[in-house]
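Content type mmCIF, C-alpha atoms, from the file coords.cif:
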```cif
data_work
loop_
_atom_site.label_atom_id
_atom_site.label_comp_id
_atom_site.auth_asym_id
_atom_site.auth_seq_id
_atom_site.Cartn_x
_atom_site.Cartn_y
_atom_site.Cartn_z
CA MET V 1 61.28 239.73 95.09
CA LEU V 2 61.04 236.95 92.67
CA PRO V 3 58.38 237.02 90.24
CA GLN V 4 55.32 234.89 90.99
CA THR V 5 55.99 232.80 87.96
CA GLU V 6 59.48 231.87 89.08
CA ILE V 7 58.22 230.93 92.53
CA GLU V 8 55.66 228.60 91.06
CA ASP V 9 58.30 226.99 88.76
CA ARG V 10 60.59 226.22 91.70
CA ARG V 11 57.69 224.72 93.67
CA GLN V 12 56.92 222.39 90.76
CA ILE V 13 60.58 221.41 90.42
CA GLY V 14 60.79 220.56 94.13
CA GLU V 15 57.65 218.54 94.02
CA GLN V 16 59.16 216.50 91.13
CA THR V 17 62.59 216.03 92.80
CA LEU V 18 61.15 214.51 95.95
CA PRO V 19 59.61 211.46 94.20
CA ILE V 20 62.75 210.90 92.16
CA ASN V 21 65.02 210.79 95.24
CA HIS V 22 62.62 208.43 97.06
CA ALA V 23 62.58 205.95 94.14
CA GLU V 24 66.35 205.89 94.00
CA ALA V 25 66.54 205.27 97.72
CA GLU V 26 64.12 202.39 97.49
CA LYS V 27 66.09 200.96 94.59
CA ARG V 28 69.35 201.15 96.54
CA SER V 29 67.63 199.54 99.51
CA ARG V 30 66.44 196.60 97.43
CA LYS V 31 69.93 196.08 96.04
CA ARG V 32 71.32 195.96 99.53
CA TRP V 33 68.76 193.35 100.55
CA VAL V 34 69.47 191.27 97.45
CA VAL V 35 73.20 191.40 98.11
CA LEU V 36 72.58 190.52 101.73
CA ALA V 37 70.32 187.64 100.76
CA ILE V 38 72.89 186.37 98.29
CA ALA V 39 75.58 186.61 100.93
CA VAL V 40 73.41 184.79 103.47
CA ALA V 41 72.58 182.12 100.90
CA ALA V 42 76.24 181.72 100.02
CA VAL V 43 77.16 181.43 103.69
CA ALA V 44 74.32 178.97 104.23
CA ALA V 45 75.41 176.95 101.19
CA LEU V 46 78.95 176.86 102.49
CA LEU V 47 77.75 175.78 105.90
CA VAL V 48 75.45 173.12 104.45
CA SER V 49 78.17 171.88 102.10
CA GLY V 50 80.68 171.64 104.91
CA ILE V 51 78.24 169.89 107.21
CA TRP V 52 77.15 167.47 104.45
CA SER V 53 80.71 166.62 103.52
CA ARG V 54 81.48 165.93 107.18
CA VAL V 55 78.35 163.82 107.52
CA LYS V 56 79.17 161.93 104.35
CA ALA V 57 82.76 161.43 105.41
CA GLY V 58 81.57 160.18 108.76
CA ALA V 59 79.15 157.78 107.08
CA ASN V 60 81.87 156.53 104.73
CA LEU V 61 84.23 156.13 107.66
CA ARG V 62 81.64 154.17 109.59
CA ALA V 63 80.93 151.99 106.50
CA GLU V 64 84.62 151.39 105.91
CA THR V 65 85.14 150.63 109.57
CA ALA V 66 82.22 148.19 109.55
CA GLN V 67 83.53 146.61 106.35
CA ALA V 68 87.03 146.33 107.76
CA ALA V 69 85.60 144.70 110.86
CA LEU V 70 84.14 141.83 108.75
CA PRO V 71 86.30 138.69 108.49
CA ALA V 72 87.95 138.37 105.08
CA VAL V 73 87.47 134.96 103.45
CA SER V 74 88.42 133.22 100.22
CA VAL V 75 85.80 131.11 98.51
CA VAL V 76 85.77 128.34 95.95
CA THR V 77 83.05 127.04 93.66
CA PRO V 78 82.55 123.23 93.80
CA LYS V 79 83.80 121.39 90.76
CA GLN V 80 81.14 119.10 89.35
CA THR V 81 82.36 115.66 88.32
CA ALA V 82 81.23 113.63 85.35
CA PRO V 83 78.78 110.73 85.81
CA THR V 84 81.68 108.43 84.89
CA ASP V 85 84.39 108.17 87.51
CA GLU V 86 87.87 106.91 86.64
CA ILE V 87 89.49 104.87 89.37
CA ILE V 88 93.10 103.74 89.51
CA LEU V 89 93.77 100.45 91.28
CA PRO V 90 96.80 98.18 91.68
CA GLY V 91 96.80 94.99 89.62
CA ASN V 92 98.85 91.79 89.56
CA VAL V 93 99.87 90.56 86.11
CA GLN V 94 99.79 86.77 85.88
CA PRO V 95 100.10 84.31 82.99
CA PHE V 96 96.93 82.90 81.54
CA ILE V 97 98.17 79.38 82.38
CA THR V 98 100.89 78.58 84.88
CA SER V 99 101.84 75.36 86.58
CA PRO V 100 104.57 73.84 88.77
CA ILE V 101 105.96 70.60 87.33
CA TYR V 102 106.20 67.72 89.86
CA SER V 103 107.38 64.18 89.53
CA ARG V 104 104.97 61.27 89.84
CA THR V 105 107.67 58.89 91.05
CA ASN V 106 110.55 58.90 93.54
CA GLY V 107 114.15 58.81 92.41
CA TYR V 108 117.19 60.86 91.45
CA LEU V 109 117.35 63.45 88.71
CA LYS V 110 119.35 61.94 85.91
CA LYS V 111 119.26 64.83 83.42
CA TRP V 112 117.42 68.07 82.60
CA TYR V 113 117.16 69.60 79.14
CA PHE V 114 115.79 73.15 79.57
CA ASP V 115 116.70 76.04 81.81
CA ILE V 116 114.83 79.25 82.73
CA GLY V 117 113.64 81.38 79.82
CA ALA V 118 113.43 78.41 77.45
CA HIS V 119 110.36 78.23 75.20
CA VAL V 120 109.03 74.68 75.08
CA LYS V 121 106.25 72.91 73.21
CA GLN V 122 103.60 70.64 74.63
CA GLY V 123 104.94 67.10 75.06
CA GLN V 124 108.60 68.12 74.88
CA LEU V 125 110.94 66.18 77.21
CA LEU V 126 112.10 68.35 80.11
CA ALA V 127 113.98 65.95 82.42
CA VAL V 128 114.64 62.27 83.20
CA ILE V 129 114.51 60.71 86.68
CA GLU V 130 116.44 57.57 87.59
CA THR V 131 114.31 55.07 89.61
CA PRO V 132 116.12 51.72 89.98
CA GLU V 133 113.60 50.43 92.55
CA VAL V 134 110.71 50.93 90.20
CA ASP V 135 112.65 49.30 87.36
CA GLN V 136 113.22 46.22 89.54
CA GLN V 137 109.58 46.13 90.57
CA LEU V 138 108.58 46.22 86.93
CA GLU V 139 110.90 43.30 86.13
CA GLN V 140 109.48 41.34 89.06
CA ALA V 141 105.93 42.04 87.94
CA ARG V 142 106.74 40.85 84.45
CA SER V 143 108.25 37.64 85.84
CA ASN V 144 105.19 37.03 88.00
CA LEU V 145 103.05 37.54 84.92
CA LEU V 146 105.02 34.95 82.96
CA THR V 147 104.65 32.44 85.83
CA ALA V 148 100.95 33.11 86.08
CA GLN V 149 100.51 32.72 82.33
CA ALA V 150 102.36 29.33 82.43
CA ASN V 151 100.15 28.12 85.28
CA LEU V 152 97.09 29.30 83.39
CA GLU V 153 98.16 27.39 80.28
CA LEU V 154 98.68 24.19 82.31
CA ALA V 155 95.32 24.64 84.05
CA SER V 156 93.67 25.15 80.67
CA ILE V 157 95.13 21.87 79.36
CA THR V 158 94.06 19.99 82.51
CA LYS V 159 90.56 21.41 82.32
CA THR V 160 90.18 20.42 78.66
CA ARG V 161 91.49 16.89 79.28
CA TYR V 162 89.22 16.30 82.29
CA GLN V 163 86.19 17.54 80.43
CA GLY V 164 86.96 15.01 77.63
CA LEU V 165 87.45 12.11 80.08
CA LEU V 166 84.20 12.95 81.83
CA LYS V 167 82.28 11.95 78.72
CA SER V 168 83.57 8.35 79.08
CA ASN V 169 83.19 8.43 82.87
CA ALA V 170 86.97 7.98 83.22
CA VAL V 171 87.10 10.75 85.87
CA SER V 172 84.61 11.97 88.40
CA GLN V 173 82.70 15.18 88.22
CA GLN V 174 84.63 16.39 91.27
CA ASP V 175 87.92 16.16 89.42
CA VAL V 176 86.46 18.13 86.52
CA ASP V 177 85.17 20.85 88.85
CA ASN V 178 88.59 21.09 90.52
CA ALA V 179 90.29 21.50 87.17
CA VAL V 180 87.85 24.25 86.11
CA GLY V 181 88.32 26.04 89.42
CA THR V 182 92.10 25.89 89.11
CA TYR V 183 91.86 27.36 85.62
CA ASN V 184 89.67 30.26 86.73
CA ALA V 185 91.96 31.01 89.67
CA ASN V 186 95.04 31.08 87.45
CA LYS V 187 93.22 33.27 84.98
CA ALA V 188 92.49 35.80 87.75
CA VAL V 189 96.13 35.72 88.83
CA VAL V 190 97.18 36.48 85.25
CA GLU V 191 94.85 39.48 85.13
CA ALA V 192 96.21 40.76 88.44
CA ASP V 193 99.80 40.36 87.27
CA LYS V 194 98.98 42.17 84.05
CA ALA V 195 97.59 45.09 86.09
CA ALA V 196 100.75 45.11 88.20
CA VAL V 197 102.91 45.21 85.09
CA GLU V 198 100.85 48.12 83.72
CA GLN V 199 101.13 49.94 87.03
CA TYR V 200 104.90 49.67 87.20
CA SER V 201 105.19 50.45 83.51
CA ALA V 202 103.28 53.68 84.19
CA LEU V 203 105.59 54.47 87.10
CA VAL V 204 108.60 53.88 84.88
CA SER V 205 107.07 56.17 82.25
CA PHE V 206 106.89 58.87 84.94
CA GLU V 207 110.68 58.88 84.93
CA LYS V 208 110.39 61.22 81.95
CA ILE V 209 108.98 64.70 82.60
CA TYR V 210 107.16 66.31 79.66
CA ALA V 211 105.86 69.85 79.13
CA PRO V 212 102.08 69.92 79.72
CA PHE V 213 101.52 72.89 77.37
CA ASP V 214 103.35 75.43 75.23
CA GLY V 215 105.06 77.97 77.44
CA VAL V 216 108.19 79.41 79.00
CA ILE V 217 110.23 77.84 81.78
CA THR V 218 110.20 80.47 84.53
CA ALA V 219 111.95 78.44 87.24
CA ARG V 220 114.18 75.37 87.57
CA ASN V 221 114.42 74.13 91.15
CA THR V 222 116.53 71.01 90.79
CA ASP V 223 119.79 69.74 89.38
CA ILE V 224 121.41 66.45 88.42
CA GLY V 225 121.61 64.01 91.33
CA ASP V 226 118.93 65.67 93.46
CA LEU V 227 116.56 63.36 95.32
CA ILE V 228 113.08 63.74 93.86
CA ASN V 229 109.98 63.06 95.94
CA SER V 230 106.76 62.17 94.25
CA GLY V 231 104.19 64.94 94.09
CA SER V 232 101.58 62.50 95.38
CA SER V 233 103.57 61.39 98.41
CA SER V 234 103.27 62.78 101.94
CA ASN V 235 106.94 63.79 102.01
CA VAL V 236 108.27 67.22 101.09
CA LYS V 237 107.45 67.67 97.42
CA THR V 238 109.97 68.89 94.87
CA ASP V 239 108.68 71.10 92.05
CA LEU V 240 111.19 70.55 89.28
CA PHE V 241 110.12 73.38 86.99
CA HIS V 242 107.63 76.23 86.72
CA ILE V 243 106.13 76.77 83.31
CA ALA V 244 103.94 79.70 82.22
CA GLN V 245 102.02 80.60 79.10
CA PRO V 246 102.57 84.38 78.59
CA GLY V 247 100.81 84.85 75.25
CA LYS V 248 97.74 86.01 77.14
CA LEU V 249 97.83 87.52 80.60
CA ARG V 250 95.38 87.71 83.45
CA VAL V 251 95.36 90.85 85.61
CA TYR V 252 93.60 90.46 88.95
CA VAL V 253 92.28 93.63 90.61
CA ASN V 254 90.45 94.16 93.90
CA VAL V 255 87.75 96.80 93.37
CA PRO V 256 86.37 98.63 96.45
CA GLU V 257 82.82 97.71 97.38
CA GLU V 258 81.37 101.15 96.57
CA TYR V 259 82.30 100.70 92.89
CA SER V 260 81.08 97.11 92.63
CA GLN V 261 77.69 97.96 91.11
CA GLY V 262 79.35 99.72 88.17
CA ILE V 263 81.67 96.80 87.33
CA LYS V 264 80.39 94.72 84.42
CA ALA V 265 81.97 92.10 82.17
CA GLY V 266 82.98 93.53 78.81
CA MET V 267 84.35 96.81 80.15
CA THR V 268 87.73 97.97 78.86
CA ALA V 269 90.64 98.89 81.09
CA ASP V 270 93.98 100.62 80.54
CA LEU V 271 97.18 99.37 82.17
CA ASN V 272 100.17 101.54 83.04
CA LEU V 273 103.47 99.93 84.00
CA THR V 274 106.48 101.77 85.40
CA GLU V 275 108.82 100.06 82.93
CA PHE V 276 106.80 101.52 80.03
CA PRO V 277 106.36 105.25 80.87
CA GLY V 278 103.77 107.02 78.77
CA ARG V 279 102.50 103.77 77.25
CA LYS V 280 99.13 102.15 77.83
CA PHE V 281 98.08 98.54 77.35
CA GLN V 282 94.42 97.82 76.84
CA GLY V 283 92.63 94.88 78.38
CA LYS V 284 89.11 93.57 78.73
CA LEU V 285 87.24 92.72 81.90
CA VAL V 286 86.10 89.14 81.39
CA ARG V 287 84.73 88.04 84.77
CA THR V 288 84.19 88.99 88.39
CA ALA V 289 84.00 86.93 91.55
CA GLU V 290 80.37 88.12 91.98
CA ALA V 291 80.98 88.25 95.73
CA ILE V 292 82.46 90.78 98.13
CA ASN V 293 85.47 89.57 100.09
CA LEU V 294 84.53 89.68 103.79
CA THR V 295 88.06 90.61 104.87
CA THR V 296 88.94 93.35 102.38
CA ARG V 297 85.41 94.41 101.34
CA THR V 298 86.48 94.31 97.71
CA LEU V 299 85.31 92.63 94.51
CA LEU V 300 87.89 90.51 92.70
CA ILE V 301 87.87 91.02 88.93
CA GLU V 302 89.90 89.52 86.08
CA ILE V 303 91.14 91.53 83.10
CA ASP V 304 92.62 89.68 80.12
CA VAL V 305 95.40 91.32 78.10
CA ASP V 306 96.80 89.98 74.82
CA ASN V 307 100.59 89.66 74.92
CA PRO V 308 101.58 87.89 71.68
CA THR V 309 105.15 89.21 71.61
CA GLY V 310 105.78 88.69 75.31
CA THR V 311 106.30 92.43 75.93
CA LEU V 312 104.67 92.29 79.34
CA LEU V 313 106.33 90.08 81.92
CA THR V 314 104.34 87.90 84.26
CA GLY V 315 104.40 88.93 87.89
CA SER V 316 104.54 92.64 87.03
CA TYR V 317 102.75 95.36 88.99
CA ALA V 318 100.32 97.47 86.98
CA GLU V 319 98.12 100.50 87.58
CA VAL V 320 94.69 99.66 86.22
CA HIS V 321 92.51 102.56 85.03
CA LEU V 322 88.79 101.78 85.03
CA ALA V 323 86.02 104.15 83.93
CA VAL V 324 83.21 103.20 86.29
CA PRO V 325 79.75 104.75 85.74
CA THR V 326 78.36 106.36 88.90
CA GLN V 327 74.78 106.84 90.03
CA ALA V 328 74.95 110.67 89.77
CA SER V 329 77.47 113.44 89.37
CA THR V 330 79.17 114.67 92.54
CA PHE V 331 81.34 117.62 93.54
CA LEU V 332 85.00 118.08 94.35
CA LEU V 333 86.23 120.41 97.07
CA PRO V 334 89.68 121.09 98.54
CA VAL V 335 90.06 119.21 101.80
CA ASN V 336 90.83 122.45 103.66
CA ALA V 337 87.25 123.61 103.04
CA LEU V 338 85.84 121.06 105.51
CA LEU V 339 84.74 121.82 109.06
CA PHE V 340 84.76 118.96 111.53
CA ARG V 341 82.05 119.66 114.07
CA SER V 342 80.52 117.50 116.78
CA GLU V 343 77.24 117.43 114.85
CA GLY V 344 78.99 116.18 111.72
CA LEU V 345 80.94 117.32 108.68
CA ARG V 346 80.13 120.87 107.55
CA VAL V 347 81.18 123.41 104.91
CA ALA V 348 80.78 127.22 105.23
CA VAL V 349 78.76 128.60 102.29
CA VAL V 350 78.56 132.38 101.68
CA ASN V 351 75.16 133.63 100.56
CA GLY V 352 74.43 137.38 100.44
CA GLY V 353 77.45 138.16 102.56
CA LYS V 354 76.35 135.83 105.35
CA VAL V 355 77.64 132.38 106.28
CA THR V 356 75.57 129.21 106.28
CA LEU V 357 77.04 126.01 107.69
CA SER V 358 75.79 123.24 105.40
CA PRO V 359 76.03 119.53 106.29
CA VAL V 360 77.71 117.44 103.57
CA ALA V 361 78.32 113.75 102.91
CA PRO V 362 81.88 112.88 101.86
CA GLY V 363 82.78 110.40 99.14
CA HIS V 364 86.26 109.41 98.03
CA ASP V 365 89.37 111.10 99.34
CA PHE V 366 91.78 112.06 96.54
CA GLY V 367 94.47 113.59 98.73
CA ASN V 368 94.21 117.38 98.31
CA GLN V 369 90.60 117.08 97.13
CA ILE V 370 87.59 115.21 98.47
CA GLU V 371 84.39 114.10 96.79
CA ILE V 372 81.11 115.49 98.17
CA VAL V 373 78.14 113.30 97.29
CA SER V 374 75.39 115.45 98.84
CA GLY V 375 74.84 118.81 100.52
CA LEU V 376 76.18 121.17 97.81
CA LYS V 377 74.83 123.04 94.80
CA PRO V 378 76.87 123.92 91.69
CA ASN V 379 76.88 127.71 92.38
CA ASP V 380 77.66 127.58 96.09
CA GLN V 381 80.54 129.75 97.30
CA VAL V 382 82.42 127.63 99.83
CA ILE V 383 84.93 129.23 102.19
CA VAL V 384 88.46 127.86 102.00
CA ASN V 385 90.35 127.54 105.31
CA PRO V 386 87.37 128.66 107.41
CA PRO V 387 88.16 129.62 111.03
CA ASP V 388 86.99 127.20 113.69
CA SER V 389 84.97 129.97 115.34
CA ILE V 390 82.80 130.64 112.28
CA VAL V 391 79.05 130.29 112.84
CA SER V 392 75.90 130.45 110.71
CA GLY V 393 74.62 133.99 110.10
CA GLN V 394 78.03 135.59 110.52
CA GLU V 395 78.78 138.36 108.03
CA VAL V 396 81.97 138.05 106.00
CA GLN V 397 83.62 139.72 103.04
CA ILE V 398 85.00 137.84 100.05
CA VAL V 399 88.51 138.97 99.21
CA GLN V 400 89.54 136.32 96.73
CA ALA V 401 87.82 133.55 94.80
CA THR V 402 89.93 130.46 94.10
CA LEU V 403 89.48 127.36 92.02
CA PRO V 404 89.56 123.89 93.60
CA GLY V 405 92.96 123.17 92.09
CA ASP V 406 94.39 126.47 93.37
CA ALA V 407 93.51 125.99 97.03
CA LYS V 408 96.36 124.71 99.15
#
```
Could you write out this file's structure as structure tokens?
Amino acid sequence: MLPQTEIEDRRQIGEQTLPINHAEAEKRSRKRWVVLAIAVAAVAALLVSGIWSRVKAGANLRAETAQAALPAVSVVTPKQTAPTDEIILPGNVQPFITSPIYSRTNGYLKKWYFDIGAHVKQGQLLAVIETPEVDQQLEQARSNLLTAQANLELASITKTRYQGLLKSNAVSQQDVDNAVGTYNANKAVVEADKAAVEQYSALVSFEKIYAPFDGVITARNTDIGDLINSGSSSNVKTDLFHIAQPGKLRVYVNVPEEYSQGIKAGMTADLNLTEFPGRKFQGKLVRTAEAINLTTRTLLIEIDVDNPTGTLLTGSYAEVHLAVPTQASTFLLPVNALLFRSEGLRVAVVNGGKVTLSPVAPGHDFGNQIEIVSGLKPNDQVIVNPPDSIVSGQEVQIVQATLPGDAK
């Protein structure tokens, strides 16, 4: 048998071993639960992550699908114009003074002295007309004048003699009155014959054609031996020459009615001519017709251009550039941004991804661009080439922004 002491020692050792084994078991149990919890959490995290990624991918897919379903549009920002608008108009270049030269008497051209392109001075002889009938009429008028003067001299002598005899009662008062009457009648005949002589002398002087002013002969429409009809007669008139003064030119321009309020005398204008590429000639607006032409609805203006060296030729065609002040600045848009609807002209403006159809008022058409006088703001995004089916409130996506000059 074991001693009592040994039995008691073993009982104490057993009592101590039981609590130690229980603590270790509990510790191992907790570890297993922690590992299990971690595993569950990891599995849950993987599940949540997978589900979230699928949800997110689905949302992105739906967003991309919705975005792809929106119509793609290109927009343009309106170009604001300056308060001064330059207009280009056709102009006719004419000499400051021009005149056809007619004859004042009938006859045949005897000789001409200047041809086209000749520079002549005022009063210079241009041509001589032969008028034998007028020469004969002048000779006859001079003869009639001499006869009338002889009769007047005789009547004067008779009147003086009878007035002297009346003092001695050698003749009657009736004879004296007859002599005075005859004198007065002959005096009137002399005056009439003098007027006739002056008339035919003037007609004979019209045989010589003189230059009315300094200028250039631009046309000669007759030759030696041609029959010349007087410019004052009812027959077909013959203009012998055309003469022009090119030292100063007049340019006449028809300005559209909408610009008429900005046209004032004193404005400057630039002229471009095809025969002088890259060169400008400056002129000054001197007068306007101050009335709108009922047929063309334009205002006729005159621009004077100095031409001392004769560089510019009369009759030329010129492009006249005028800087006309406008009432307010406007906008320019490409013409393919316009929508023609039954309710009027519209443009499609994008605001916050949605379309608004805005009514606009057009101004001048410049070909690939058009002026908009009302209905736009400077920062508006206007759709270029909008589809005909576009409506207000429709959602769109902007794929490209273009400038007015880039839109085709």
### Task
Have a look at V:Val324, V:Ile38, V:Val73, V:Ile292 and name the one nearest to Met267 in chain V; count all atoms listed in the file.
V:Val324
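Each of V:Ile51, V:Ala148, V:Ala37, V:Ile243 was compared to Ala188 in chain V using all atoms listed in the file, and V:Ala148 turns out to be the nearest.
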### Message
Between CA of Val355 in chain V and CA of Thr81 in chain V, what distance in Å does the model show, to one decimal?
### Response
25.0 Å
### Task
Tell me, as a list in words, which residues lie within 8 Å of Ser316 in chain V, counting all atoms listed in the file; anything in the same chain fewer than 6 positions away does not count.
Asn92, Val93, Gln94 and Leu273 of chain V
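Atom pair CA of Asn368 in chain V / CA of Val384 in chain V has a distance of 12.5 Å (rounded to one decimal).
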### Query
Can you tell me how far CA of Thr311 in chain V sits from CA of Ala289 in chain V, in Å to one decimal?
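Here the two named atoms are 27.8 Å from each other.
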#### Entry: Residue among V:Pro325, V:Ile263, V:Tyr108, V:Glu257 lying closest to Leu294 in chain V, counting all atoms listed in the file
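Closest residue, counting all atoms listed in the file: V:Glu257.
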### Task
Check the smallest atom-to-atom distance from each of V:Ile303, V:Ile97, V:Ala318, V:Ala202 to Asn272 in chain V using only C-alpha atoms, then report the winner.
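Going through V:Ile303, V:Ile97, V:Ala318, V:Ala202 one by one, the smallest distance to Asn272 in chain V is for V:Ala318.
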### Task
Compare V:Leu333, V:Val391, V:Leu126, V:Val255 by their minimum atom-to-atom distance to Phe206 in chain V, counting all atoms listed in the file, and give me the closest one.
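Counting all atoms listed in the file, the residue closest to Phe206 in chain V is V:Leu126.
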### Task
Identify which of the residues V:Val75, V:Val176, V:Val396, V:Ile301 lies closest to Asp380 in chain V, counting only C-alpha atoms when measuring atom-to-atom distances.
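Among the listed residues, V:Val75 lies closest to Asp380 in chain V.
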Extending 3 Å beyond the listed atoms of range 384-400 of chain V on each side, what axis-aligned box results? I want centre and edge lengths in Å to one decimal, as AutoDock Vina command-line options.
```
--center_x 82.5 --center_y 133.5 --center_z 106.0 --size_x 21.7 --size_y 18.5 --size_z 24.6
```
### Task
With a distance cut-off of 10 Å and all atoms listed in the file, select the neighbouring residues of range 139-145 of chain V, excluding the residue or stretch itself and same-chain residues fewer than 3 positions from it, and output the selection as a ChimeraX atom specification.
/V:133-136,148-151,189-201
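Residues lying at most 7 Å from (80.1, 124.8, 103.9) in file coordinates, with all atoms listed in the file considered, are V:Arg346, V:Val347, V:Ala348, V:Val349, V:Thr356, V:Leu357, V:Ser358, V:Val382, V:Ile383.
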### Task
Skip Lys121 in chain V itself and residues of its chain fewer than 3 positions away, then list as a count of residues only all residues within 7 Å of it, counting only C-alpha atoms.
5
### Expected selection from the PyMOL selection byres ((chain V and resi 261) around 12), given as a PyMOL selection string
chain V and resi 255-260+262-265+288+290-292+298-299+324-327
Using only C-alpha atoms, please write the residues we just selected to a file, as a PDB file, keeping the file's coordinate frame.
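Output file again-v4.pdb is given in full below:
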```pdb
ATOM      1  CA  VAL V 255      87.750  96.800  93.370  1.00  0.00           C
ATOM      2  CA  PRO V 256      86.370  98.630  96.450  1.00  0.00           C
ATOM      3  CA  GLU V 257      82.820  97.710  97.380  1.00  0.00           C
ATOM      4  CA  GLU V 258      81.370 101.150  96.570  1.00  0.00           C
ATOM      5  CA  TYR V 259      82.300 100.700  92.890  1.00  0.00           C
ATOM      6  CA  SER V 260      81.080  97.110  92.630  1.00  0.00           C
ATOM      7  CA  GLY V 262      79.350  99.720  88.170  1.00  0.00           C
ATOM      8  CA  ILE V 263      81.670  96.800  87.330  1.00  0.00           C
ATOM      9  CA  LYS V 264      80.390  94.720  84.420  1.00  0.00           C
ATOM     10  CA  ALA V 265      81.970  92.100  82.170  1.00  0.00           C
ATOM     11  CA  THR V 288      84.190  88.990  88.390  1.00  0.00           C
ATOM     12  CA  GLU V 290      80.370  88.120  91.980  1.00  0.00           C
ATOM     13  CA  ALA V 291      80.980  88.250  95.730  1.00  0.00           C
ATOM     14  CA  ILE V 292      82.460  90.780  98.130  1.00  0.00           C
ATOM     15  CA  THR V 298      86.480  94.310  97.710  1.00  0.00           C
ATOM     16  CA  LEU V 299      85.310  92.630  94.510  1.00  0.00           C
ATOM     17  CA  VAL V 324      83.210 103.200  86.290  1.00  0.00           C
ATOM     18  CA  PRO V 325      79.750 104.750  85.740  1.00  0.00           C
ATOM     19  CA  THR V 326      78.360 106.360  88.900  1.00  0.00           C
ATOM     20  CA  GLN V 327      74.780 106.840  90.030  1.00  0.00           C
TER      21      GLN V 327
END
```
Taking 2 positions as the minimum chain separation for residues in the same chain, which residues sit within 7 Å of Ile372 in chain V when counting all atoms listed in the file? Answer as an mmCIF file with C-alpha atoms, in the frame of the given file.
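Final output, saved to selection-v2.cif:
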```
data_model
loop_
_atom_site.group_PDB
_atom_site.id
_atom_site.type_symbol
_atom_site.label_atom_id
_atom_site.label_comp_id
_atom_site.auth_asym_id
_atom_site.auth_seq_id
_atom_site.Cartn_x
_atom_site.Cartn_y
_atom_site.Cartn_z
ATOM 1 C CA THR V 330 79.170 114.670 92.540
ATOM 2 C CA PHE V 331 81.340 117.620 93.540
ATOM 3 C CA LEU V 332 85.000 118.080 94.350
ATOM 4 C CA VAL V 360 77.710 117.440 103.570
ATOM 5 C CA ALA V 361 78.320 113.750 102.910
ATOM 6 C CA PRO V 362 81.880 112.880 101.860
ATOM 7 C CA GLY V 363 82.780 110.400 99.140
ATOM 8 C CA ILE V 370 87.590 115.210 98.470
ATOM 9 C CA SER V 374 75.390 115.450 98.840
#
```
I would like the residues chosen by the PyMOL selection byres ((chain V and resi 285) around 7) on the shown file; could you give them as a PDB file with C-alpha atoms, keeping the file's coordinate frame?
```pdb
ATOM      1  CA  ALA V 265      81.970  92.100  82.170  1.00  0.00           C
ATOM      2  CA  GLY V 266      82.980  93.530  78.810  1.00  0.00           C
ATOM      3  CA  MET V 267      84.350  96.810  80.150  1.00  0.00           C
ATOM      4  CA  THR V 268      87.730  97.970  78.860  1.00  0.00           C
ATOM      5  CA  GLY V 283      92.630  94.880  78.380  1.00  0.00           C
ATOM      6  CA  LYS V 284      89.110  93.570  78.730  1.00  0.00           C
ATOM      7  CA  VAL V 286      86.100  89.140  81.390  1.00  0.00           C
ATOM      8  CA  ARG V 287      84.730  88.040  84.770  1.00  0.00           C
ATOM      9  CA  GLU V 302      89.900  89.520  86.080  1.00  0.00           C
ATOM     10  CA  ILE V 303      91.140  91.530  83.100  1.00  0.00           C
ATOM     11  CA  ASP V 304      92.620  89.680  80.120  1.00  0.00           C
TER      12      ASP V 304
END
```
### Task
Taking the point (89.4, 17.5, 79.8) as given in the file, collect each protein or nucleic acid residue that comes within 12 Å of it, counting only C-alpha atoms, and present the set as a VMD selection string.
chain V and resid 154 to 173 175 to 180 183
### Result set, the PyMOL selection byres ((chain V and resi 104) around 12) on current file, as an MDAnalysis selection string
chainID V and resid 101:103 105:107 128:129 131 134 200 202:210 228:233 237:240
